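Structure file run_35.cif (mmCIF, N, CA and C atoms) is printed below.
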data_input
#
loop_
_atom_site.group_PDB
_atom_site.id
_atom_site.type_symbol
_atom_site.label_atom_id
_atom_site.label_comp_id
_atom_site.auth_asym_id
_atom_site.auth_seq_id
_atom_site.Cartn_x
_atom_site.Cartn_y
_atom_site.Cartn_z
ATOM 1 N N MET A 1 18.261 7.399 -15.375
ATOM 2 C CA MET A 1 17.736 7.424 -14.027
ATOM 3 C C MET A 1 17.381 6.005 -13.616
ATOM 4 N N PRO A 2 17.901 5.522 -12.514
ATOM 5 C CA PRO A 2 17.611 4.146 -12.102
ATOM 6 C C PRO A 2 16.142 3.996 -11.689
ATOM 7 N N SER A 3 15.591 2.829 -11.975
ATOM 8 C CA SER A 3 14.193 2.616 -11.632
ATOM 9 C C SER A 3 14.052 2.414 -10.131
ATOM 10 N N LYS A 4 12.924 2.836 -9.616
ATOM 11 C CA LYS A 4 12.666 2.726 -8.189
ATOM 12 C C LYS A 4 11.286 2.110 -8.029
ATOM 13 N N LYS A 5 11.169 1.182 -7.123
ATOM 14 C CA LYS A 5 9.889 0.552 -6.845
ATOM 15 C C LYS A 5 9.127 1.440 -5.872
ATOM 16 N N HIS A 6 8.073 2.053 -6.349
ATOM 17 C CA HIS A 6 7.271 2.939 -5.514
ATOM 18 C C HIS A 6 6.191 2.138 -4.806
ATOM 19 N N LYS A 7 5.905 2.509 -3.572
ATOM 20 C CA LYS A 7 4.841 1.878 -2.811
ATOM 21 C C LYS A 7 3.522 2.520 -3.204
ATOM 22 N N PRO A 8 2.426 1.782 -3.076
ATOM 23 C CA PRO A 8 1.117 2.342 -3.452
ATOM 24 C C PRO A 8 0.816 3.674 -2.761
ATOM 25 N N GLU A 9 1.207 3.805 -1.499
ATOM 26 C CA GLU A 9 0.955 5.046 -0.770
ATOM 27 C C GLU A 9 1.705 6.217 -1.410
ATOM 28 N N GLU A 10 2.947 5.958 -1.833
ATOM 29 C CA GLU A 10 3.747 6.996 -2.482
ATOM 30 C C GLU A 10 3.134 7.383 -3.825
ATOM 31 N N ILE A 11 2.661 6.386 -4.560
ATOM 32 C CA ILE A 11 2.083 6.640 -5.874
ATOM 33 C C ILE A 11 0.845 7.522 -5.739
ATOM 34 N N ILE A 12 -0.013 7.202 -4.794
ATOM 35 C CA ILE A 12 -1.230 7.997 -4.616
ATOM 36 C C ILE A 12 -0.876 9.424 -4.207
ATOM 37 N N GLY A 13 0.123 9.571 -3.362
ATOM 38 C CA GLY A 13 0.575 10.913 -2.980
ATOM 39 C C GLY A 13 1.087 11.699 -4.175
ATOM 40 N N LYS A 14 1.851 11.031 -5.025
ATOM 41 C CA LYS A 14 2.385 11.706 -6.211
ATOM 42 C C LYS A 14 1.274 12.045 -7.195
ATOM 43 N N LEU A 15 0.276 11.171 -7.332
ATOM 44 C CA LEU A 15 -0.848 11.475 -8.215
ATOM 45 C C LEU A 15 -1.614 12.698 -7.712
ATOM 46 N N ARG A 16 -1.779 12.799 -6.416
ATOM 47 C CA ARG A 16 -2.449 13.980 -5.847
ATOM 48 C C ARG A 16 -1.632 15.241 -6.104
ATOM 49 N N GLU A 17 -0.313 15.102 -5.997
ATOM 50 C CA GLU A 17 0.564 16.244 -6.257
ATOM 51 C C GLU A 17 0.433 16.701 -7.710
ATOM 52 N N VAL A 18 0.350 15.746 -8.631
ATOM 53 C CA VAL A 18 0.187 16.078 -10.047
ATOM 54 C C VAL A 18 -1.141 16.796 -10.261
ATOM 55 N N GLU A 19 -2.200 16.323 -9.606
ATOM 56 C CA GLU A 19 -3.500 16.976 -9.747
ATOM 57 C C GLU A 19 -3.425 18.442 -9.323
ATOM 58 N N ILE A 20 -2.700 18.705 -8.240
ATOM 59 C CA ILE A 20 -2.560 20.079 -7.756
ATOM 60 C C ILE A 20 -1.807 20.924 -8.775
ATOM 61 N N VAL A 21 -0.718 20.383 -9.298
ATOM 62 C CA VAL A 21 0.094 21.121 -10.274
ATOM 63 C C VAL A 21 -0.712 21.379 -11.546
ATOM 64 N N LEU A 22 -1.483 20.383 -11.979
ATOM 65 C CA LEU A 22 -2.305 20.560 -13.181
ATOM 66 C C LEU A 22 -3.390 21.608 -12.941
ATOM 67 N N ALA A 23 -3.951 21.638 -11.744
ATOM 68 C CA ALA A 23 -4.979 22.630 -11.423
ATOM 69 C C ALA A 23 -4.408 24.047 -11.431
ATOM 70 N N GLN A 24 -3.110 24.171 -11.193
ATOM 71 C CA GLN A 24 -2.456 25.484 -11.216
ATOM 72 C C GLN A 24 -2.129 25.925 -12.634
ATOM 73 N N GLY A 25 -2.431 25.073 -13.618
ATOM 74 C CA GLY A 25 -2.246 25.463 -15.009
ATOM 75 C C GLY A 25 -1.004 24.924 -15.677
ATOM 76 N N ALA A 26 -0.237 24.097 -15.022
ATOM 77 C CA ALA A 26 0.979 23.538 -15.629
ATOM 78 C C ALA A 26 0.601 22.403 -16.586
ATOM 79 N N SER A 27 1.519 22.056 -17.445
ATOM 80 C CA SER A 27 1.282 20.956 -18.384
ATOM 81 C C SER A 27 1.532 19.623 -17.684
ATOM 82 N N THR A 28 1.047 18.569 -18.315
ATOM 83 C CA THR A 28 1.258 17.232 -17.769
ATOM 84 C C THR A 28 2.742 16.899 -17.720
ATOM 85 N N ALA A 29 3.475 17.289 -18.751
ATOM 86 C CA ALA A 29 4.910 17.020 -18.794
ATOM 87 C C ALA A 29 5.630 17.707 -17.626
ATOM 88 N N GLU A 30 5.260 18.942 -17.343
ATOM 89 C CA GLU A 30 5.877 19.678 -16.241
ATOM 90 C C GLU A 30 5.533 19.023 -14.899
ATOM 91 N N ALA A 31 4.286 18.614 -14.743
ATOM 92 C CA ALA A 31 3.867 17.968 -13.492
ATOM 93 C C ALA A 31 4.620 16.658 -13.290
ATOM 94 N N CYS A 32 4.818 15.902 -14.359
ATOM 95 C CA CYS A 32 5.544 14.635 -14.259
ATOM 96 C C CYS A 32 7.006 14.868 -13.901
ATOM 97 N N ARG A 33 7.595 15.917 -14.466
ATOM 98 C CA ARG A 33 8.980 16.246 -14.118
ATOM 99 C C ARG A 33 9.098 16.583 -12.636
ATOM 100 N N ARG A 34 8.104 17.269 -12.102
ATOM 101 C CA ARG A 34 8.150 17.650 -10.686
ATOM 102 C C ARG A 34 8.114 16.443 -9.754
ATOM 103 N N ILE A 35 7.382 15.396 -10.137
ATOM 104 C CA ILE A 35 7.331 14.216 -9.262
ATOM 105 C C ILE A 35 8.395 13.192 -9.631
ATOM 106 N N GLY A 36 9.094 13.425 -10.733
ATOM 107 C CA GLY A 36 10.232 12.575 -11.091
ATOM 108 C C GLY A 36 9.881 11.285 -11.798
ATOM 109 N N VAL A 37 8.810 11.294 -12.594
ATOM 110 C CA VAL A 37 8.453 10.104 -13.370
ATOM 111 C C VAL A 37 8.146 10.518 -14.802
ATOM 112 N N SER A 38 8.131 9.536 -15.689
ATOM 113 C CA SER A 38 7.799 9.823 -17.077
ATOM 114 C C SER A 38 6.289 9.970 -17.226
ATOM 115 N N GLU A 39 5.875 10.561 -18.341
ATOM 116 C CA GLU A 39 4.438 10.692 -18.591
ATOM 117 C C GLU A 39 3.785 9.319 -18.710
ATOM 118 N N GLN A 40 4.483 8.389 -19.314
ATOM 119 C CA GLN A 40 3.949 7.032 -19.466
ATOM 120 C C GLN A 40 3.679 6.405 -18.093
ATOM 121 N N THR A 41 4.615 6.581 -17.176
ATOM 122 C CA THR A 41 4.428 6.065 -15.819
ATOM 123 C C THR A 41 3.257 6.747 -15.145
ATOM 124 N N TYR A 42 3.152 8.059 -15.313
ATOM 125 C CA TYR A 42 2.039 8.796 -14.718
ATOM 126 C C TYR A 42 0.706 8.249 -15.216
ATOM 127 N N TYR A 43 0.556 8.055 -16.517
ATOM 128 C CA TYR A 43 -0.712 7.564 -17.062
ATOM 129 C C TYR A 43 -0.995 6.130 -16.610
ATOM 130 N N ARG A 44 0.042 5.319 -16.511
ATOM 131 C CA ARG A 44 -0.147 3.945 -16.020
ATOM 132 C C ARG A 44 -0.610 3.956 -14.562
ATOM 133 N N TRP A 45 0.033 4.804 -13.749
ATOM 134 C CA TRP A 45 -0.375 4.928 -12.348
ATOM 135 C C TRP A 45 -1.796 5.441 -12.248
ATOM 136 N N ARG A 46 -2.135 6.436 -13.056
ATOM 137 C CA ARG A 46 -3.478 7.015 -12.999
ATOM 138 C C ARG A 46 -4.534 5.980 -13.368
ATOM 139 N N LYS A 47 -4.198 5.138 -14.340
ATOM 140 C CA LYS A 47 -5.124 4.080 -14.738
ATOM 141 C C LYS A 47 -5.312 3.072 -13.612
ATOM 142 N N GLU A 48 -4.230 2.713 -12.934
ATOM 143 C CA GLU A 48 -4.286 1.682 -11.900
ATOM 144 C C GLU A 48 -4.763 2.220 -10.556
ATOM 145 N N TYR A 49 -4.312 3.415 -10.168
ATOM 146 C CA TYR A 49 -4.566 3.927 -8.828
ATOM 147 C C TYR A 49 -5.512 5.129 -8.795
ATOM 148 N N GLY A 50 -5.944 5.613 -9.947
ATOM 149 C CA GLY A 50 -6.792 6.802 -9.977
ATOM 150 C C GLY A 50 -8.071 6.609 -9.172
ATOM 151 N N GLY A 51 -8.343 7.521 -8.268
ATOM 152 C CA GLY A 51 -9.553 7.465 -7.467
ATOM 153 C C GLY A 51 -9.471 6.603 -6.217
ATOM 154 N N LEU A 52 -8.352 5.934 -6.002
ATOM 155 C CA LEU A 52 -8.220 5.098 -4.811
ATOM 156 C C LEU A 52 -7.670 5.895 -3.640
ATOM 157 N N LYS A 53 -8.074 5.492 -2.460
ATOM 158 C CA LYS A 53 -7.483 6.043 -1.248
ATOM 159 C C LYS A 53 -6.293 5.161 -0.881
ATOM 160 N N THR A 54 -5.455 5.646 -0.005
ATOM 161 C CA THR A 54 -4.231 4.939 0.357
ATOM 162 C C THR A 54 -4.514 3.543 0.896
ATOM 163 N N ASP A 55 -5.479 3.423 1.799
ATOM 164 C CA ASP A 55 -5.765 2.109 2.377
ATOM 165 C C ASP A 55 -6.360 1.156 1.344
ATOM 166 N N GLN A 56 -7.128 1.682 0.401
ATOM 167 C CA GLN A 56 -7.680 0.832 -0.653
ATOM 168 C C GLN A 56 -6.574 0.300 -1.564
ATOM 169 N N ALA A 57 -5.600 1.131 -1.877
ATOM 170 C CA ALA A 57 -4.491 0.701 -2.732
ATOM 171 C C ALA A 57 -3.664 -0.375 -2.037
ATOM 172 N N ARG A 58 -3.423 -0.184 -0.744
ATOM 173 C CA ARG A 58 -2.651 -1.165 0.015
ATOM 174 C C ARG A 58 -3.392 -2.502 0.025
ATOM 175 N N ARG A 59 -4.699 -2.458 0.253
ATOM 176 C CA ARG A 59 -5.513 -3.678 0.286
ATOM 177 C C ARG A 59 -5.522 -4.353 -1.085
ATOM 178 N N MET A 60 -5.598 -3.554 -2.156
ATOM 179 C CA MET A 60 -5.597 -4.107 -3.508
ATOM 180 C C MET A 60 -4.282 -4.858 -3.775
ATOM 181 N N LYS A 61 -3.160 -4.266 -3.388
ATOM 182 C CA LYS A 61 -1.875 -4.920 -3.609
ATOM 183 C C LYS A 61 -1.757 -6.198 -2.787
ATOM 184 N N ASP A 62 -2.265 -6.179 -1.549
ATOM 185 C CA ASP A 62 -2.248 -7.389 -0.723
ATOM 186 C C ASP A 62 -3.080 -8.493 -1.364
ATOM 187 N N LEU A 63 -4.242 -8.130 -1.901
ATOM 188 C CA LEU A 63 -5.094 -9.122 -2.553
ATOM 189 C C LEU A 63 -4.448 -9.669 -3.827
ATOM 190 N N GLU A 64 -3.748 -8.815 -4.565
ATOM 191 C CA GLU A 64 -3.058 -9.281 -5.763
ATOM 192 C C GLU A 64 -1.967 -10.290 -5.404
ATOM 193 N N LYS A 65 -1.230 -10.030 -4.324
ATOM 194 C CA LYS A 65 -0.189 -10.964 -3.887
ATOM 195 C C LYS A 65 -0.803 -12.295 -3.458
ATOM 196 N N GLU A 66 -1.902 -12.226 -2.705
ATOM 197 C CA GLU A 66 -2.587 -13.441 -2.260
ATOM 198 C C GLU A 66 -3.118 -14.230 -3.451
ATOM 199 N N ASN A 67 -3.684 -13.534 -4.425
ATOM 200 C CA ASN A 67 -4.193 -14.183 -5.631
ATOM 201 C C ASN A 67 -3.065 -14.882 -6.388
ATOM 202 N N GLN A 68 -1.922 -14.245 -6.490
ATOM 203 C CA GLN A 68 -0.768 -14.833 -7.164
ATOM 204 C C GLN A 68 -0.299 -16.093 -6.430
ATOM 205 N N ARG A 69 -0.269 -16.018 -5.101
ATOM 206 C CA ARG A 69 0.149 -17.171 -4.300
ATOM 207 C C ARG A 69 -0.823 -18.342 -4.498
ATOM 208 N N LEU A 70 -2.112 -18.055 -4.508
ATOM 209 C CA LEU A 70 -3.110 -19.111 -4.682
ATOM 210 C C LEU A 70 -3.039 -19.722 -6.089
ATOM 211 N N ARG A 71 -2.824 -18.896 -7.097
ATOM 212 C CA ARG A 71 -2.694 -19.424 -8.469
ATOM 213 C C ARG A 71 -1.500 -20.369 -8.578
ATOM 214 N N ARG A 72 -0.393 -19.990 -7.917
ATOM 215 C CA ARG A 72 0.795 -20.838 -7.929
ATOM 216 C C ARG A 72 0.502 -22.175 -7.242
ATOM 217 N N ALA A 73 -0.219 -22.134 -6.124
ATOM 218 C CA ALA A 73 -0.570 -23.357 -5.398
ATOM 219 C C ALA A 73 -1.456 -24.257 -6.249
ATOM 220 N N ILE A 74 -2.417 -23.659 -6.958
ATOM 221 C CA ILE A 74 -3.303 -24.448 -7.820
ATOM 222 C C ILE A 74 -2.514 -25.104 -8.948
ATOM 223 N N SER A 75 -1.607 -24.370 -9.553
ATOM 224 C CA SER A 75 -0.830 -24.945 -10.650
ATOM 225 C C SER A 75 0.063 -26.088 -10.150
ATOM 226 N N ASP A 76 0.632 -25.938 -8.951
ATOM 227 C CA ASP A 76 1.453 -27.006 -8.378
ATOM 228 C C ASP A 76 0.607 -28.256 -8.113
ATOM 229 N N LEU A 77 -0.580 -28.054 -7.557
ATOM 230 C CA LEU A 77 -1.458 -29.186 -7.264
ATOM 231 C C LEU A 77 -1.941 -29.866 -8.551
ATOM 232 N N THR A 78 -2.223 -29.087 -9.569
ATOM 233 C CA THR A 78 -2.648 -29.656 -10.846
ATOM 234 C C THR A 78 -1.530 -30.496 -11.452
ATOM 235 N N LEU A 79 -0.312 -29.994 -11.377
ATOM 236 C CA LEU A 79 0.834 -30.743 -11.893
ATOM 237 C C LEU A 79 1.013 -32.053 -11.121
ATOM 238 N N ASP A 80 0.900 -32.000 -9.795
ATOM 239 C CA ASP A 80 1.002 -33.215 -8.976
ATOM 240 C C ASP A 80 -0.067 -34.219 -9.364
ATOM 241 N N LYS A 81 -1.276 -33.744 -9.595
ATOM 242 C CA LYS A 81 -2.389 -34.622 -9.970
ATOM 243 C C LYS A 81 -2.096 -35.308 -11.309
ATOM 244 N N LEU A 82 -1.589 -34.550 -12.274
ATOM 245 C CA LEU A 82 -1.286 -35.131 -13.582
ATOM 246 C C LEU A 82 -0.181 -36.183 -13.479
ATOM 247 N N ILE A 83 0.815 -35.899 -12.657
ATOM 248 C CA ILE A 83 1.909 -36.856 -12.466
ATOM 249 C C ILE A 83 1.385 -38.146 -11.849
ATOM 250 N N LEU A 84 0.528 -38.023 -10.841
ATOM 251 C CA LEU A 84 -0.046 -39.207 -10.201
ATOM 252 C C LEU A 84 -0.936 -40.005 -11.147
ATOM 253 N N GLN A 85 -1.684 -39.314 -11.997
ATOM 254 C CA GLN A 85 -2.508 -40.013 -12.979
ATOM 255 C C GLN A 85 -1.658 -40.811 -13.959
ATOM 256 N N GLU A 86 -0.559 -40.230 -14.405
ATOM 257 C CA GLU A 86 0.359 -40.931 -15.313
ATOM 258 C C GLU A 86 0.963 -42.137 -14.626
ATOM 259 N N ALA A 87 1.367 -41.969 -13.368
ATOM 260 C CA ALA A 87 1.976 -43.065 -12.625
ATOM 261 C C ALA A 87 0.965 -44.198 -12.397
ATOM 262 N N ALA A 88 -0.293 -43.825 -12.170
ATOM 263 C CA ALA A 88 -1.335 -44.838 -11.932
ATOM 264 C C ALA A 88 -1.604 -45.652 -13.194
ATOM 265 N N ARG A 89 -1.469 -45.032 -14.358
ATOM 266 C CA ARG A 89 -1.676 -45.738 -15.617
ATOM 267 C C ARG A 89 -0.484 -46.618 -15.959
ATOM 268 N N GLY A 90 0.640 -46.354 -15.382
ATOM 269 C CA GLY A 90 1.838 -47.137 -15.657
ATOM 270 C C GLY A 90 2.605 -46.654 -16.884
ATOM 271 N N ASN A 91 2.354 -45.426 -17.309
ATOM 272 C CA ASN A 91 3.020 -44.887 -18.499
ATOM 273 C C ASN A 91 4.249 -44.067 -18.103
ATOM 274 N N PHE A 92 5.256 -44.725 -17.613
ATOM 275 C CA PHE A 92 6.475 -43.995 -17.253
ATOM 276 C C PHE A 92 7.699 -44.698 -17.680
#
Would you mind writing the structure in this file as structure tokens?
Amino acid sequence: MPSKKHKPEEIIGKLREVEIVLAQGASTAEACRRIGVSEQTYYRWRKEYGGLKTDQARRMKDLEKENQRLRRAISDLTLDKLILQEAARGNF
């Protein structure tokens, strides 16, 4: 089965669907088959998105992207600073 990138909103919807199926007495494996993911994926999603509302998940993903962008900018600036320090010392 080819992998598919699920959006946070879809993941939360699928987690809610699993909760309903589990409440009806089905096994976790059966619930995962119904939503089309492996049990490992279900547990990973539950760990990351369990208890979140759709808007909270969207905001969390936006903040993670912003954090990644800022970390990249800091690393670039640090590298530039080190290069300039080396050039100022004349060690090139």
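The space between CA of Asp55 (chain A) and CA of Glu9 (chain A) spans 8.0 Å.
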Give me, as an NGL selection string, all polymer residues having an atom no more than 8 Å from region 37-53 of chain A, counting only N, CA and C atoms and skipping those fewer than 3 positions away in the same chain. :A and (8-9 or 11-12 or 15 or 28-29 or 31-34 or 56-59)
- Which of chain A fall in helix (DSSP H, G or I), as JSON, numbers by chain: {"A": [8, 9, 10, 11, 12, 13, 14, 15, 16, 17, 18, 19, 20, 21, 22, 23, 28, 29, 30, 31, 32, 33, 34, 35, 39, 40, 41, 42, 43, 44, 45, 46, 47, 48, 49, 54, 55, 56, 57, 58, 59, 60, 61, 62, 63, 64, 65, 66, 67, 68, 69, 70, 71, 72, 73, 74, 75, 76, 77, 78, 79, 80, 81, 82, 83, 84, 85, 86, 87, 88, 89]}
Calculate, to one decimal in Å, the centre and edge lengths of the box along x, y and z of the file that holds all listed atoms of region 33-49 of chain A with 3 Å of margin on each side, and present them as JSON.
{"center_x": 2.4, "center_y": 9.7, "center_z": -14.1, "size_x": 21.7, "size_y": 22.0, "size_z": 16.7}
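Here atom C of Thr54 (chain A) and CA of Arg16 (chain A) stand 12.6 Å from one another.
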What separates CA of Glu86 (chain A) and CA of Arg71 (chain A) is a distance of 22.8 Å
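Distances to Glu10 (chain A) were evaluated for A:Ile83, A:Leu70, A:Met60, A:Ile35 using only C-alpha atoms, and the minimum falls at A:Ile35.
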Completion of region 41-52 of chain A up to all heavy atoms, as a PDB file, keeping the file's coordinate frame:
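part23.pdb written:
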ATOM      1  N   THR A  41       4.615   6.581 -17.176  1.00  0.00           N
ATOM      2  CA  THR A  41       4.428   6.065 -15.819  1.00  0.00           C
ATOM      3  C   THR A  41       3.257   6.747 -15.145  1.00  0.00           C
ATOM      4  O   THR A  41       2.434   6.095 -14.495  1.00  0.00           O
ATOM      5  CB  THR A  41       5.706   6.278 -14.987  1.00  0.00           C
ATOM      6  OG1 THR A  41       6.788   5.588 -15.610  1.00  0.00           O
ATOM      7  CG2 THR A  41       5.530   5.775 -13.564  1.00  0.00           C
ATOM      8  N   TYR A  42       3.152   8.059 -15.313  1.00  0.00           N
ATOM      9  CA  TYR A  42       2.039   8.796 -14.718  1.00  0.00           C
ATOM     10  C   TYR A  42       0.706   8.249 -15.216  1.00  0.00           C
ATOM     11  O   TYR A  42      -0.197   7.986 -14.415  1.00  0.00           O
ATOM     12  CB  TYR A  42       2.152  10.286 -15.044  1.00  0.00           C
ATOM     13  CG  TYR A  42       0.868  11.039 -14.835  1.00  0.00           C
ATOM     14  CD1 TYR A  42       0.354  11.257 -13.560  1.00  0.00           C
ATOM     15  CD2 TYR A  42       0.133  11.519 -15.917  1.00  0.00           C
ATOM     16  CE1 TYR A  42      -0.832  11.938 -13.369  1.00  0.00           C
ATOM     17  CE2 TYR A  42      -1.046  12.195 -15.733  1.00  0.00           C
ATOM     18  CZ  TYR A  42      -1.539  12.402 -14.466  1.00  0.00           C
ATOM     19  OH  TYR A  42      -2.716  13.057 -14.283  1.00  0.00           O
ATOM     20  N   TYR A  43       0.556   8.055 -16.517  1.00  0.00           N
ATOM     21  CA  TYR A  43      -0.712   7.564 -17.062  1.00  0.00           C
ATOM     22  C   TYR A  43      -0.995   6.130 -16.610  1.00  0.00           C
ATOM     23  O   TYR A  43      -2.144   5.770 -16.358  1.00  0.00           O
ATOM     24  CB  TYR A  43      -0.722   7.669 -18.588  1.00  0.00           C
ATOM     25  CG  TYR A  43      -0.852   9.098 -19.059  1.00  0.00           C
ATOM     26  CD1 TYR A  43       0.145   9.708 -19.806  1.00  0.00           C
ATOM     27  CD2 TYR A  43      -1.979   9.854 -18.740  1.00  0.00           C
ATOM     28  CE1 TYR A  43       0.026  11.022 -20.232  1.00  0.00           C
ATOM     29  CE2 TYR A  43      -2.116  11.165 -19.162  1.00  0.00           C
ATOM     30  CZ  TYR A  43      -1.111  11.740 -19.903  1.00  0.00           C
ATOM     31  OH  TYR A  43      -1.235  13.049 -20.313  1.00  0.00           O
ATOM     32  N   ARG A  44       0.042   5.319 -16.511  1.00  0.00           N
ATOM     33  CA  ARG A  44      -0.147   3.945 -16.020  1.00  0.00           C
ATOM     34  C   ARG A  44      -0.610   3.956 -14.562  1.00  0.00           C
ATOM     35  O   ARG A  44      -1.538   3.238 -14.191  1.00  0.00           O
ATOM     36  CB  ARG A  44       1.147   3.145 -16.176  1.00  0.00           C
ATOM     37  CG  ARG A  44       0.973   1.663 -15.863  1.00  0.00           C
ATOM     38  CD  ARG A  44       2.241   0.863 -16.082  1.00  0.00           C
ATOM     39  NE  ARG A  44       3.239   1.233 -15.092  1.00  0.00           N
ATOM     40  CZ  ARG A  44       4.423   1.804 -15.371  1.00  0.00           C
ATOM     41  NH1 ARG A  44       4.762   2.056 -16.601  1.00  0.00           N
ATOM     42  NH2 ARG A  44       5.271   2.089 -14.411  1.00  0.00           N
ATOM     43  N   TRP A  45       0.033   4.804 -13.749  1.00  0.00           N
ATOM     44  CA  TRP A  45      -0.375   4.928 -12.348  1.00  0.00           C
ATOM     45  C   TRP A  45      -1.796   5.441 -12.248  1.00  0.00           C
ATOM     46  O   TRP A  45      -2.578   4.967 -11.436  1.00  0.00           O
ATOM     47  CB  TRP A  45       0.550   5.892 -11.609  1.00  0.00           C
ATOM     48  CG  TRP A  45       1.891   5.343 -11.253  1.00  0.00           C
ATOM     49  CD1 TRP A  45       2.338   4.064 -11.430  1.00  0.00           C
ATOM     50  CD2 TRP A  45       2.974   6.056 -10.656  1.00  0.00           C
ATOM     51  NE1 TRP A  45       3.623   3.948 -10.978  1.00  0.00           N
ATOM     52  CE2 TRP A  45       4.033   5.150 -10.498  1.00  0.00           C
ATOM     53  CE3 TRP A  45       3.129   7.371 -10.257  1.00  0.00           C
ATOM     54  CZ2 TRP A  45       5.243   5.526  -9.941  1.00  0.00           C
ATOM     55  CZ3 TRP A  45       4.330   7.746  -9.700  1.00  0.00           C
ATOM     56  CH2 TRP A  45       5.378   6.834  -9.547  1.00  0.00           C
ATOM     57  N   ARG A  46      -2.135   6.436 -13.056  1.00  0.00           N
ATOM     58  CA  ARG A  46      -3.478   7.015 -12.999  1.00  0.00           C
ATOM     59  C   ARG A  46      -4.534   5.980 -13.368  1.00  0.00           C
ATOM     60  O   ARG A  46      -5.595   5.924 -12.759  1.00  0.00           O
ATOM     61  CB  ARG A  46      -3.567   8.217 -13.933  1.00  0.00           C
ATOM     62  CG  ARG A  46      -4.807   9.061 -13.680  1.00  0.00           C
ATOM     63  CD  ARG A  46      -4.813  10.284 -14.522  1.00  0.00           C
ATOM     64  NE  ARG A  46      -5.174   9.908 -15.882  1.00  0.00           N
ATOM     65  CZ  ARG A  46      -5.370  10.758 -16.864  1.00  0.00           C
ATOM     66  NH1 ARG A  46      -5.197  12.049 -16.661  1.00  0.00           N
ATOM     67  NH2 ARG A  46      -5.703  10.350 -18.054  1.00  0.00           N
ATOM     68  N   LYS A  47      -4.198   5.138 -14.340  1.00  0.00           N
ATOM     69  CA  LYS A  47      -5.124   4.080 -14.738  1.00  0.00           C
ATOM     70  C   LYS A  47      -5.312   3.072 -13.612  1.00  0.00           C
ATOM     71  O   LYS A  47      -6.424   2.611 -13.346  1.00  0.00           O
ATOM     72  CB  LYS A  47      -4.580   3.374 -15.986  1.00  0.00           C
ATOM     73  CG  LYS A  47      -5.441   2.263 -16.502  1.00  0.00           C
ATOM     74  CD  LYS A  47      -4.808   1.636 -17.733  1.00  0.00           C
ATOM     75  CE  LYS A  47      -5.571   0.414 -18.171  1.00  0.00           C
ATOM     76  NZ  LYS A  47      -4.896  -0.288 -19.257  1.00  0.00           N
ATOM     77  N   GLU A  48      -4.230   2.713 -12.934  1.00  0.00           N
ATOM     78  CA  GLU A  48      -4.286   1.682 -11.900  1.00  0.00           C
ATOM     79  C   GLU A  48      -4.763   2.220 -10.556  1.00  0.00           C
ATOM     80  O   GLU A  48      -5.532   1.562  -9.856  1.00  0.00           O
ATOM     81  CB  GLU A  48      -2.911   1.040 -11.722  1.00  0.00           C
ATOM     82  CG  GLU A  48      -2.917  -0.150 -10.796  1.00  0.00           C
ATOM     83  CD  GLU A  48      -1.595  -0.900 -10.792  1.00  0.00           C
ATOM     84  OE1 GLU A  48      -0.725  -0.612 -11.628  1.00  0.00           O
ATOM     85  OE2 GLU A  48      -1.435  -1.767  -9.932  1.00  0.00           O
ATOM     86  N   TYR A  49      -4.312   3.415 -10.168  1.00  0.00           N
ATOM     87  CA  TYR A  49      -4.566   3.927  -8.828  1.00  0.00           C
ATOM     88  C   TYR A  49      -5.512   5.129  -8.795  1.00  0.00           C
ATOM     89  O   TYR A  49      -5.811   5.632  -7.719  1.00  0.00           O
ATOM     90  CB  TYR A  49      -3.262   4.340  -8.146  1.00  0.00           C
ATOM     91  CG  TYR A  49      -2.338   3.193  -7.877  1.00  0.00           C
ATOM     92  CD1 TYR A  49      -1.271   2.924  -8.726  1.00  0.00           C
ATOM     93  CD2 TYR A  49      -2.521   2.368  -6.779  1.00  0.00           C
ATOM     94  CE1 TYR A  49      -0.408   1.871  -8.483  1.00  0.00           C
ATOM     95  CE2 TYR A  49      -1.664   1.315  -6.524  1.00  0.00           C
ATOM     96  CZ  TYR A  49      -0.610   1.080  -7.381  1.00  0.00           C
ATOM     97  OH  TYR A  49       0.240   0.036  -7.144  1.00  0.00           O
ATOM     98  N   GLY A  50      -5.944   5.613  -9.947  1.00  0.00           N
ATOM     99  CA  GLY A  50      -6.792   6.802  -9.977  1.00  0.00           C
ATOM    100  C   GLY A  50      -8.071   6.609  -9.172  1.00  0.00           C
ATOM    101  O   GLY A  50      -8.791   5.636  -9.343  1.00  0.00           O
ATOM    102  N   GLY A  51      -8.343   7.521  -8.268  1.00  0.00           N
ATOM    103  CA  GLY A  51      -9.553   7.465  -7.467  1.00  0.00           C
ATOM    104  C   GLY A  51      -9.471   6.603  -6.217  1.00  0.00           C
ATOM    105  O   GLY A  51     -10.429   6.533  -5.465  1.00  0.00           O
ATOM    106  N   LEU A  52      -8.352   5.934  -6.002  1.00  0.00           N
ATOM    107  CA  LEU A  52      -8.220   5.098  -4.811  1.00  0.00           C
ATOM    108  C   LEU A  52      -7.670   5.895  -3.640  1.00  0.00           C
ATOM    109  O   LEU A  52      -6.900   6.826  -3.816  1.00  0.00           O
ATOM    110  CB  LEU A  52      -7.264   3.923  -5.076  1.00  0.00           C
ATOM    111  CG  LEU A  52      -7.718   2.837  -6.019  1.00  0.00           C
ATOM    112  CD1 LEU A  52      -6.638   1.772  -6.129  1.00  0.00           C
ATOM    113  CD2 LEU A  52      -9.015   2.211  -5.567  1.00  0.00           C
TER     114      LEU A  52
END
